[in-house]
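Shown here: work03.pdb, PDB, C-alpha atoms.
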MODEL        1
ATOM      1  CA  MET A   1      -6.543 -52.589  52.620
ATOM      2  CA  ARG A   2      -9.186 -52.732  49.894
ATOM      3  CA  THR A   3     -10.185 -49.138  50.764
ATOM      4  CA  ILE A   4      -6.594 -47.946  50.378
ATOM      5  CA  LEU A   5      -6.209 -49.721  47.021
ATOM      6  CA  PHE A   6      -9.492 -48.264  45.741
ATOM      7  CA  ARG A   7      -8.485 -44.722  46.726
ATOM      8  CA  SER A   8      -5.093 -45.158  45.019
ATOM      9  CA  PHE A   9      -6.814 -46.318  41.836
ATOM     10  CA  ILE A  10      -9.054 -43.215  41.851
ATOM     11  CA  ILE A  11      -6.066 -40.851  42.290
ATOM     12  CA  VAL A  12      -4.114 -42.479  39.440
ATOM     13  CA  ALA A  13      -7.144 -42.364  37.135
ATOM     14  CA  VAL A  14      -7.744 -38.661  37.790
ATOM     15  CA  CYS A  15      -4.086 -37.829  37.084
ATOM     16  CA  VAL A  16      -4.082 -39.799  33.840
ATOM     17  CA  LEU A  17      -7.302 -38.209  32.596
ATOM     18  CA  SER A  18      -6.283 -34.637  33.521
ATOM     19  CA  ALA A  19      -2.781 -34.782  31.981
ATOM     20  CA  PRO A  20      -3.892 -34.199  28.336
ATOM     21  CA  PHE A  21      -5.946 -31.168  29.365
ATOM     22  CA  ALA A  22      -2.957 -29.666  31.199
ATOM     23  CA  LEU A  23      -0.770 -30.150  28.110
ATOM     24  CA  LEU A  24      -3.455 -28.687  25.868
ATOM     25  CA  GLY A  25      -3.558 -25.541  27.972
ATOM     26  CA  ARG A  26       0.159 -24.953  27.314
ATOM     27  CA  ALA A  27      -0.002 -25.649  23.550
ATOM     28  CA  ARG A  28       0.801 -22.814  21.118
ATOM     29  CA  VAL A  29      -1.383 -22.587  18.012
ATOM     30  CA  THR A  30       0.684 -21.957  14.877
ATOM     31  CA  ILE A  31      -1.734 -22.878  12.085
ATOM     32  CA  ALA A  32      -5.285 -21.649  12.508
ATOM     33  CA  GLN A  33      -8.230 -23.931  11.934
ATOM     34  CA  GLN A  34     -10.063 -22.102   9.173
ATOM     35  CA  GLU A  35     -13.676 -22.264   8.194
ATOM     36  CA  PRO A  36     -15.231 -20.644   5.130
ATOM     37  CA  ALA A  37     -17.494 -17.652   5.690
ATOM     38  CA  GLN A  38     -20.664 -16.964   3.675
ATOM     39  CA  ASN A  39     -18.618 -14.933   1.194
ATOM     40  CA  PRO A  40     -16.329 -17.220  -0.900
ATOM     41  CA  SER A  41     -13.560 -14.603  -0.581
ATOM     42  CA  SER A  42     -13.675 -14.818   3.213
ATOM     43  CA  VAL A  43     -12.321 -17.136   5.886
ATOM     44  CA  ILE A  44     -12.680 -17.226   9.657
ATOM     45  CA  ALA A  45      -9.635 -17.995  11.799
ATOM     46  CA  GLU A  46      -9.184 -17.601  15.561
ATOM     47  CA  LEU A  47     -12.545 -15.754  15.636
ATOM     48  CA  PHE A  48     -11.271 -13.181  13.107
ATOM     49  CA  THR A  49     -13.026 -12.812   9.756
ATOM     50  CA  PHE A  50     -10.774 -11.963   6.788
ATOM     51  CA  GLU A  51     -12.737 -10.763   3.747
ATOM     52  CA  VAL A  52     -10.951  -9.853   0.507
ATOM     53  CA  LYS A  53     -12.730  -6.998  -1.265
ATOM     54  CA  GLU A  54     -10.512  -6.952  -4.354
ATOM     55  CA  CYS A  55      -6.980  -7.439  -5.633
ATOM     56  CA  ARG A  56      -5.827  -5.324  -8.570
ATOM     57  CA  LYS A  57      -2.672  -5.081 -10.631
ATOM     58  CA  ILE A  58      -1.068  -1.739 -11.523
ATOM     59  CA  GLY A  59       2.098  -2.245 -13.536
ATOM     60  CA  ASP A  60       4.160  -4.781 -11.580
ATOM     61  CA  ARG A  61       2.422  -4.016  -8.265
ATOM     62  CA  VAL A  62      -0.493  -6.011  -6.835
ATOM     63  CA  ILE A  63      -2.691  -4.260  -4.283
ATOM     64  CA  CYS A  64      -5.123  -6.291  -2.184
ATOM     65  CA  GLU A  65      -7.801  -4.675  -0.030
ATOM     66  CA  ALA A  66      -9.544  -6.621   2.719
ATOM     67  CA  LEU A  67     -11.656  -6.125   5.814
ATOM     68  CA  VAL A  68     -10.697  -7.782   9.104
ATOM     69  CA  THR A  69     -13.410  -8.189  11.744
ATOM     70  CA  ASN A  70     -12.910  -9.387  15.305
ATOM     71  CA  LYS A  71     -15.704 -11.756  16.336
ATOM     72  CA  GLY A  72     -14.282 -12.287  19.816
ATOM     73  CA  ASP A  73     -13.564  -9.966  22.733
ATOM     74  CA  GLU A  74     -11.536  -6.803  22.105
ATOM     75  CA  ARG A  75      -7.905  -7.731  21.360
ATOM     76  CA  SER A  76      -4.945  -6.821  19.156
ATOM     77  CA  LEU A  77      -3.857  -8.287  15.836
ATOM     78  CA  SER A  78      -0.625  -7.918  13.831
ATOM     79  CA  ILE A  79      -0.013  -8.834  10.193
ATOM     80  CA  ARG A  80       3.659  -9.802  10.104
ATOM     81  CA  GLY A  81       6.294  -9.682   7.377
ATOM     82  CA  LYS A  82      10.007  -9.816   6.622
ATOM     83  CA  GLN A  83      10.895  -6.862   8.816
ATOM     84  CA  TRP A  84      10.204  -8.988  11.871
ATOM     85  CA  GLY A  85      13.519 -10.667  11.058
ATOM     86  CA  ARG A  86      11.858 -13.962  10.224
ATOM     87  CA  SER A  87      12.282 -15.728   6.890
ATOM     88  CA  ASP A  88      10.141 -18.825   7.397
ATOM     89  CA  ASP A  89       6.568 -17.680   8.090
ATOM     90  CA  VAL A  90       5.869 -14.360   6.351
ATOM     91  CA  THR A  91       2.916 -12.816   4.596
ATOM     92  CA  ARG A  92       3.180 -13.906   0.981
ATOM     93  CA  LEU A  93       1.435 -14.126  -2.372
ATOM     94  CA  ILE A  94       1.642 -16.917  -4.971
ATOM     95  CA  ASP A  95       0.389 -16.123  -8.475
ATOM     96  CA  ASP A  96      -1.082 -18.471 -11.078
ATOM     97  CA  LEU A  97       2.383 -18.924 -12.599
ATOM     98  CA  GLY A  98       3.782 -20.323  -9.359
ATOM     99  CA  ASN A  99       5.852 -17.218  -8.513
ATOM    100  CA  VAL A 100       6.184 -16.411  -4.812
ATOM    101  CA  TYR A 101       6.294 -12.818  -3.485
ATOM    102  CA  ASP A 102       7.031 -12.482   0.227
ATOM    103  CA  ASP A 103       7.929  -8.820   0.785
ATOM    104  CA  ALA A 104       4.507  -7.502   1.772
ATOM    105  CA  LYS A 105       3.982  -3.860   2.704
ATOM    106  CA  GLY A 106       0.874  -1.801   3.276
ATOM    107  CA  GLN A 107      -1.449  -0.454   5.935
ATOM    108  CA  PHE A 108      -3.693  -1.982   8.609
ATOM    109  CA  GLY A 109      -6.167   0.543   9.971
ATOM    110  CA  THR A 110      -4.043   3.612  10.659
ATOM    111  CA  LYS A 111      -0.870   1.579  11.240
ATOM    112  CA  GLU A 112       1.871   0.860   8.728
ATOM    113  CA  LEU A 113       2.709  -2.770   8.079
ATOM    114  CA  PRO A 114       4.327  -4.980   9.090
ATOM    115  CA  TYR A 115       5.194  -3.853  12.630
ATOM    116  CA  ALA A 116       2.303  -2.283  14.462
ATOM    117  CA  ALA A 117      -0.486  -4.153  16.240
ATOM    118  CA  VAL A 118      -4.025  -2.888  15.781
ATOM    119  CA  THR A 119      -6.608  -3.168  18.554
ATOM    120  CA  LEU A 120      -9.821  -4.558  17.086
ATOM    121  CA  VAL A 121     -13.146  -3.847  18.750
ATOM    122  CA  THR A 122     -15.751  -6.613  18.561
ATOM    123  CA  ASP A 123     -17.709  -6.649  15.251
ATOM    124  CA  VAL A 124     -16.047  -3.492  13.874
ATOM    125  CA  PRO A 125     -14.321  -4.153  10.498
ATOM    126  CA  VAL A 126     -10.882  -2.591   9.917
ATOM    127  CA  ARG A 127      -9.377  -2.041   6.477
ATOM    128  CA  LEU A 128      -6.234  -3.931   5.457
ATOM    129  CA  ILE A 129      -4.191  -2.972   2.367
ATOM    130  CA  LEU A 130      -1.300  -5.141   1.143
ATOM    131  CA  TYR A 131       1.234  -4.297  -1.596
ATOM    132  CA  PHE A 132       3.440  -6.768  -3.473
ATOM    133  CA  ASP A 133       5.930  -5.395  -6.037
ATOM    134  CA  GLY A 134       7.710  -7.102  -8.913
ATOM    135  CA  VAL A 135       4.725  -9.255  -9.914
ATOM    136  CA  ALA A 136       5.027 -10.887 -13.347
ATOM    137  CA  LYS A 137       3.079  -9.075 -16.055
ATOM    138  CA  GLU A 138       1.553 -12.390 -17.212
ATOM    139  CA  ALA A 139      -0.020 -13.080 -13.796
ATOM    140  CA  SER A 140      -3.823 -12.889 -13.872
ATOM    141  CA  ARG A 141      -4.863 -14.636 -10.675
ATOM    142  CA  ILE A 142      -3.735 -15.153  -7.070
ATOM    143  CA  ARG A 143      -3.570 -18.823  -6.159
ATOM    144  CA  LEU A 144      -2.721 -18.138  -2.524
ATOM    145  CA  LEU A 145      -2.651 -15.056  -0.310
ATOM    146  CA  GLU A 146      -1.230 -16.170   3.032
ATOM    147  CA  LEU A 147      -1.251 -13.823   6.018
ATOM    148  CA  ASP A 148       1.132 -14.357   8.922
ATOM    149  CA  CYS A 149      -0.789 -13.147  11.982
ATOM    150  CA  TYR A 150      -0.271 -12.707  15.697
ATOM    151  CA  THR A 151      -2.777 -11.895  18.438
ATOM    152  CA  ASP A 152      -2.145 -11.108  22.088
ATOM    153  CA  ASP A 153      -5.194 -13.219  22.969
ATOM    154  CA  GLY A 154      -3.422 -16.318  24.221
ATOM    155  CA  ASP A 155      -0.118 -15.280  22.625
ATOM    156  CA  LYS A 156      -1.021 -16.979  19.333
ATOM    157  CA  ALA A 157       0.750 -16.879  15.985
ATOM    158  CA  PHE A 158      -1.328 -18.260  13.126
ATOM    159  CA  ARG A 159      -1.604 -18.225   9.359
ATOM    160  CA  VAL A 160      -4.624 -17.346   7.223
ATOM    161  CA  GLN A 161      -4.924 -18.689   3.681
ATOM    162  CA  LEU A 162      -7.116 -17.017   1.047
ATOM    163  CA  ARG A 163      -7.234 -18.789  -2.312
ATOM    164  CA  ASP A 164      -8.081 -18.302  -5.978
ATOM    165  CA  ILE A 165      -8.509 -14.510  -6.069
ATOM    166  CA  PRO A 166      -8.904 -12.838  -9.499
ATOM    167  CA  LEU A 167      -6.622  -9.913 -10.349
ATOM    168  CA  LYS A 168      -8.337  -6.819 -11.671
ATOM    169  CA  ILE A 169      -6.351  -4.795 -14.201
ATOM    170  CA  PRO A 170      -7.743  -1.223 -14.384
ATOM    171  CA  ALA A 171      -7.552   0.723 -17.617
ATOM    172  CA  LEU A 172      -4.483   2.954 -17.674
ATOM    173  CA  ILE A 173      -6.380   5.923 -19.066
ATOM    174  CA  ASN A 174      -9.680   7.215 -17.788
ATOM    175  CA  PRO A 175     -11.996   7.548 -20.813
ATOM    176  CA  SER A 176     -13.911  10.341 -19.094
ATOM    177  CA  ARG A 177     -10.868  12.597 -19.668
ATOM    178  CA  PRO A 178     -10.476  12.816 -23.452
ATOM    179  CA  ASP A 179      -7.423  15.064 -23.191
ATOM    180  CA  ALA A 180      -5.480  12.207 -21.540
ATOM    181  CA  THR A 181      -5.644  10.098 -24.705
ATOM    182  CA  ALA A 182      -3.959  12.871 -26.701
ATOM    183  CA  ASN A 183      -1.254  13.488 -24.114
ATOM    184  CA  PRO A 184       1.833  11.281 -24.502
ATOM    185  CA  ASN A 185       3.006  12.499 -21.084
ATOM    186  CA  SER A 186       0.246  10.644 -19.237
ATOM    187  CA  ILE A 187       1.727   8.223 -16.705
ATOM    188  CA  THR A 188      -0.239   5.869 -14.465
ATOM    189  CA  THR A 189       1.567   4.364 -11.498
ATOM    190  CA  ARG A 190       0.677   3.487  -7.904
ATOM    191  CA  GLU A 191      -2.970   4.126  -8.843
ATOM    192  CA  TYR A 192      -2.317   7.783  -9.676
ATOM    193  CA  THR A 193      -2.395   9.225 -13.191
ATOM    194  CA  PHE A 194       0.088  12.070 -13.783
ATOM    195  CA  GLU A 195      -0.343  14.304 -16.838
ATOM    196  CA  ALA A 196       2.062  16.986 -18.022
ATOM    197  CA  LEU A 197       0.517  20.332 -18.952
ATOM    198  CA  PRO A 198       2.334  23.063 -20.946
ATOM    199  CA  CYS A 199       5.283  24.922 -19.439
ATOM    200  CA  ARG A 200       5.016  28.716 -19.650
ATOM    201  CA  ARG A 201       7.655  31.426 -19.540
ATOM    202  CA  SER A 202       7.584  34.872 -17.981
ATOM    203  CA  LEU A 203      10.920  36.620 -18.621
ATOM    204  CA  ASN A 204      13.527  34.212 -17.192
ATOM    205  CA  GLU A 205      11.049  32.234 -15.070
ATOM    206  CA  VAL A 206       9.466  28.985 -16.328
ATOM    207  CA  THR A 207       6.476  27.378 -14.624
ATOM    208  CA  CYS A 208       5.601  23.787 -15.537
ATOM    209  CA  SER A 209       2.122  22.535 -14.635
ATOM    210  CA  PHE A 210       0.755  19.024 -14.219
ATOM    211  CA  ARG A 211      -2.425  17.205 -13.217
ATOM    212  CA  VAL A 212      -2.783  14.310 -10.750
ATOM    213  CA  THR A 213      -5.789  11.970 -10.590
ATOM    214  CA  ASN A 214      -6.404   9.540  -7.751
ATOM    215  CA  GLU A 215      -7.558   6.333  -9.453
ATOM    216  CA  GLN A 216      -8.258   4.518  -6.190
ATOM    217  CA  ALA A 217     -11.704   4.066  -4.639
ATOM    218  CA  ALA A 218     -10.681   5.975  -1.495
ATOM    219  CA  SER A 219      -9.211   9.360  -0.606
ATOM    220  CA  ARG A 220      -5.423   9.481  -0.310
ATOM    221  CA  THR A 221      -2.733  12.000   0.563
ATOM    222  CA  LEU A 222       0.088  12.766  -1.849
ATOM    223  CA  GLY A 223       3.173  14.881  -1.242
ATOM    224  CA  LEU A 224       5.200  16.879  -3.778
ATOM    225  CA  ARG A 225       8.838  17.438  -2.827
ATOM    226  CA  ALA A 226       8.662  21.031  -4.009
ATOM    227  CA  ARG A 227      11.978  22.432  -2.778
ATOM    228  CA  CYS A 228      13.651  19.769  -0.671
ATOM    229  CA  HIS A 229      17.446  19.743  -0.580
ATOM    230  CA  GLY A 230      18.620  16.963  -2.892
ATOM    231  CA  ASP A 231      15.048  16.151  -3.926
ATOM    232  CA  ARG A 232      14.054  19.256  -5.876
ATOM    233  CA  PRO A 233      12.216  18.958  -9.187
ATOM    234  CA  ARG A 234      14.666  19.025 -12.107
ATOM    235  CA  LEU A 235      14.324  20.566 -15.548
ATOM    236  CA  ILE A 236      16.705  19.872 -18.424
ATOM    237  CA  ASP A 237      16.226  21.958 -21.575
ATOM    238  CA  GLN A 238      16.971  21.046 -25.207
ATOM    239  CA  LEU A 239      20.491  22.497 -24.837
ATOM    240  CA  GLY A 240      21.324  20.163 -21.947
ATOM    241  CA  ASN A 241      21.188  22.869 -19.263
ATOM    242  CA  GLU A 242      19.798  21.727 -15.909
ATOM    243  CA  TYR A 243      17.770  23.803 -13.434
ATOM    244  CA  LEU A 244      16.450  23.030  -9.945
ATOM    245  CA  ALA A 245      13.020  24.221  -8.862
ATOM    246  CA  THR A 246      12.733  27.206  -6.562
ATOM    247  CA  GLY A 247       9.169  26.442  -5.510
ATOM    248  CA  GLY A 248       6.018  24.541  -6.297
ATOM    249  CA  SER A 249       2.487  23.691  -5.247
ATOM    250  CA  LEU A 250       0.082  20.779  -5.239
ATOM    251  CA  GLY A 251      -3.550  21.838  -5.420
ATOM    252  CA  THR A 252      -3.926  24.683  -2.951
ATOM    253  CA  LYS A 253      -0.968  23.540  -0.850
ATOM    254  CA  LYS A 254       2.485  25.086  -0.889
ATOM    255  CA  PRO A 255       5.406  24.143   1.362
ATOM    256  CA  THR A 256       4.479  25.162   4.908
ATOM    257  CA  PRO A 257       6.686  26.183   7.865
ATOM    258  CA  ASP A 258       6.304  22.771   9.519
ATOM    259  CA  LEU A 259       6.865  20.843   6.275
ATOM    260  CA  ILE A 260       9.467  23.203   4.893
ATOM    261  CA  CYS A 261      10.091  21.484   1.591
ATOM    262  CA  GLU A 262       6.958  19.421   0.907
ATOM    263  CA  SER A 263       3.456  20.232  -0.319
ATOM    264  CA  ARG A 264       0.799  17.748   0.786
ATOM    265  CA  GLN A 265      -2.731  17.426  -0.521
ATOM    266  CA  THR A 266      -5.546  14.927   0.092
ATOM    267  CA  ILE A 267      -7.141  13.821  -3.181
ATOM    268  CA  ASP A 268     -10.664  12.378  -3.198
ATOM    269  CA  SER A 269     -11.433   9.139  -5.010
ATOM    270  CA  ARG A 270     -11.419   9.580  -8.825
ATOM    271  CA  ALA A 271     -10.763  13.304  -8.362
ATOM    272  CA  SER A 272      -8.064  15.405 -10.059
ATOM    273  CA  LEU A 273      -6.062  18.422  -8.985
ATOM    274  CA  ASN A 274      -3.385  20.561 -10.616
ATOM    275  CA  GLY A 275       0.083  21.389  -9.432
ATOM    276  CA  SER A 276       3.077  23.334 -10.669
ATOM    277  CA  VAL A 277       6.805  23.827 -10.180
ATOM    278  CA  THR A 278       8.795  26.977 -10.915
ATOM    279  CA  PHE A 279      12.316  27.398 -12.261
ATOM    280  CA  THR A 280      14.241  30.678 -12.449
ATOM    281  CA  ARG A 281      17.187  31.981 -14.493
ATOM    282  CA  VAL A 282      16.105  30.008 -17.537
ATOM    283  CA  PRO A 283      17.507  31.781 -20.632
ATOM    284  CA  ALA A 284      15.322  32.809 -23.559
ATOM    285  CA  ASP A 285      16.875  30.244 -25.917
ATOM    286  CA  ALA A 286      15.462  27.378 -23.800
ATOM    287  CA  ARG A 287      12.353  26.494 -25.813
ATOM    288  CA  GLN A 288      11.701  22.886 -24.855
ATOM    289  CA  VAL A 289      11.868  20.750 -21.738
ATOM    290  CA  LYS A 290      13.669  17.525 -22.557
ATOM    291  CA  LEU A 291      13.161  16.170 -19.040
ATOM    292  CA  LEU A 292      10.974  17.305 -16.148
ATOM    293  CA  ARG A 293      11.498  15.091 -13.099
ATOM    294  CA  LEU A 294       9.124  15.439 -10.151
ATOM    295  CA  ARG A 295       9.524  13.685  -6.802
ATOM    296  CA  PHE A 296       6.350  12.552  -5.008
ATOM    297  CA  VAL A 297       5.680  10.792  -1.719
ATOM    298  CA  SER A 298       2.713   8.474  -1.219
ATOM    299  CA  LEU A 299       1.891   8.878   2.456
ATOM    300  CA  GLU A 300      -0.120   5.634   2.632
ATOM    301  CA  ALA A 301       2.879   3.618   1.483
ATOM    302  CA  THR A 302       5.455   6.046   2.968
ATOM    303  CA  VAL A 303       7.592   5.689  -0.136
ATOM    304  CA  GLY A 304       8.966   8.243  -2.586
ATOM    305  CA  PHE A 305       8.941   7.886  -6.348
ATOM    306  CA  ASP A 306       9.897   9.928  -9.437
ATOM    307  CA  ILE A 307       7.713  10.932 -12.390
ATOM    308  CA  ASP A 308       9.561  11.825 -15.603
ATOM    309  CA  PHE A 309       7.892  13.960 -18.284
ATOM    310  CA  ARG A 310       9.660  14.520 -21.610
ATOM    311  CA  ASP A 311       9.609  16.854 -24.607
ATOM    312  CA  ILE A 312       7.311  19.547 -23.247
ATOM    313  CA  PRO A 313       7.234  22.860 -25.156
ATOM    314  CA  ILE A 314       7.935  26.088 -23.266
ATOM    315  CA  ASN A 315       5.291  28.628 -24.309
ATOM    316  CA  ALA A 316       5.188  32.346 -23.658
ATOM    317  CA  LYS A 317       2.520  33.586 -21.222
TER     318      LYS A 317
ENDMDL
END

What is this file in structure tokens?
Amino acid sequence: MRTILFRSFIIVAVCVLSAPFALLGRARVTIAQQEPAQNPSSVIAELFTFEVKECRKIGDRVICEALVTNKGDERSLSIRGKQWGRSDDVTRLIDDLGNVYDDAKGQFGTKELPYAAVTLVTDVPVRLILYFDGVAKEASRIRLLELDCYTDDGDKAFRVQLRDIPLKIPALINPSRPDATANPNSITTREYTFEALPCRRSLNEVTCSFRVTNEQAASRTLGLRARCHGDRPRLIDQLGNEYLATGGSLGTKKPTPDLICESRQTIDSRASLNGSVTFTRVPADARQVKLLRLRFVSLEATVGFDIDFRDIPINAK
């Protein structure tokens, strides 16, 4: 009888002690236990290292660049946002004024955010770029940059919090280009500087030239919608007449058979290239361009935007 009671006690004890471990194995981690890395702008979560290289402010857009390194076995990682259909846990930014921005876009490796998962090899850093638009002009610091993450390793969703990041505000005009200071049609946006050059006439054809400078510290690809239906460059002269472009180029690229209406060109870091658009049937009494509207596409952000130049003289060739 004593033997039976002793064995029963052993069985009950084993079940009681093993129950917490069984429950732990089924638990889902939602908030990562973070530890600071050697760099104060870095944290380690779920054996991923997140290192912020810099955050800069261009107009009302904040752009943060970081490196993500997998310190575990090879696995995938997603940075999630609003387009996942979730409104509670999203990638967000809080500035030093207390404003919250939660519509993050950008690029992770070669994948566009926020959908695609990126497979991270052990100890190989992958570049992460995040964009937040509509940031207050008075903001000078990021109090919190919170990343909503998911990894297929254990089916884990977790959040990463990076704090107290200064905002760099680059100069709008590059002092190494003295002609930019004298050009009122110099526009800096999305880390490109666009400068209008003179428009020139040959009979009834007017060609307007411009210069683009990549202000970012990495090469990027830009597209000019040279002769796309509904997206052609527009010219309005001083008489109010409007003309649509019949062609154009960006650097050495013109619209190609596979990209019928768009010219694409990769621009090196801090490098400039020229482009032009052509308009036909412009009468001789058109002597000034009141508005020149060009449509560009930033392939990294997969978004189109307009550049408006004004009051450009039309000179004879």

- Message: Taking all atoms listed in the file into account, name the residue in A:Leu77, A:Leu130, A:Leu291, A:Ala116 that is nearest to Leu93 (chain A).
- Response: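 Going through A:Leu77, A:Leu130, A:Leu291, A:Ala116 one by one, the smallest distance to Leu93 (chain A) is for A:Leu130.
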
- Message: Taking 3 positions as the minimum chain separation for residues in the same chain, which residues sit within 12 Å of Leu239 (chain A) when counting all atoms listed in the file? Answer as number ranges by chain.
- Response: A: 235-236, 242-243, 282-291

- Item | Residue among A:Leu203, A:Ile307, A:Thr213, A:Leu250 lying closest to Phe279 (chain A), counting only C-alpha atoms | A:Leu203

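For the atom pair formed by CA of Lys137 (chain A) and CA of Ser42 (chain A), the distance is 26.2 Å, given to one decimal.
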
- Task: Could you tell me which of A:Asp153, A:Asp268, A:Glu262, A:Asp133 comes closest to Arg295 (chain A) if we count only C-alpha atoms?
- Result: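 Closest to Arg295 (chain A) of all the choices is A:Glu262.
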
- Message: Within 10 Å of (2.4, -19.1, -10.7) in the file's own coordinates, which protein, DNA or RNA residues have an atom, counting only C-alpha atoms? List them as a list of chain:residue names.
- Response: A:Leu93, A:Ile94, A:Asp95, A:Asp96, A:Leu97, A:Gly98, A:Asn99, A:Val100, A:Ala136, A:Glu138, A:Ala139, A:Ser140, A:Arg141, A:Ile142, A:Arg143, A:Leu144

- Shortest contact to Val121 (chain A), candidates A:Pro184, A:Gly59, A:Gly72, A:Pro198, atoms counted all atoms listed in the file, goes to A:Gly72

- Task: Take CA of Glu46 (chain A) and CA of Lys168 (chain A) and report the distance between them in Å, one decimal.
- Result: 29.3 Å

- Please evaluate the PyMOL selection byres ((chain A and resi 111) around 12) against the displayed coordinates and give the resulting residues as a PyMOL selection string. chain A and resi 77-79+105-110+112-119+126-129+299-302

- Task: Give as a PyMOL selection string the set of residues within 9 Å of the point (2.4, 15.6, 2.8), where distances use the file's coordinates and all atoms listed in the file.
- Result: chain A and resi 221-225+259+262-266+297-299

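CA of Asp164 (chain A) is found 13.4 Å from CA of Arg56 (chain A).
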
- A:Lys82, A:Arg211, A:Arg200, A:Lys253: which is nearest Phe309 (chain A), counting only C-alpha atoms?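 Nearest candidate to Phe309 (chain A) out of A:Lys82, A:Arg211, A:Arg200, A:Lys253: A:Arg211.
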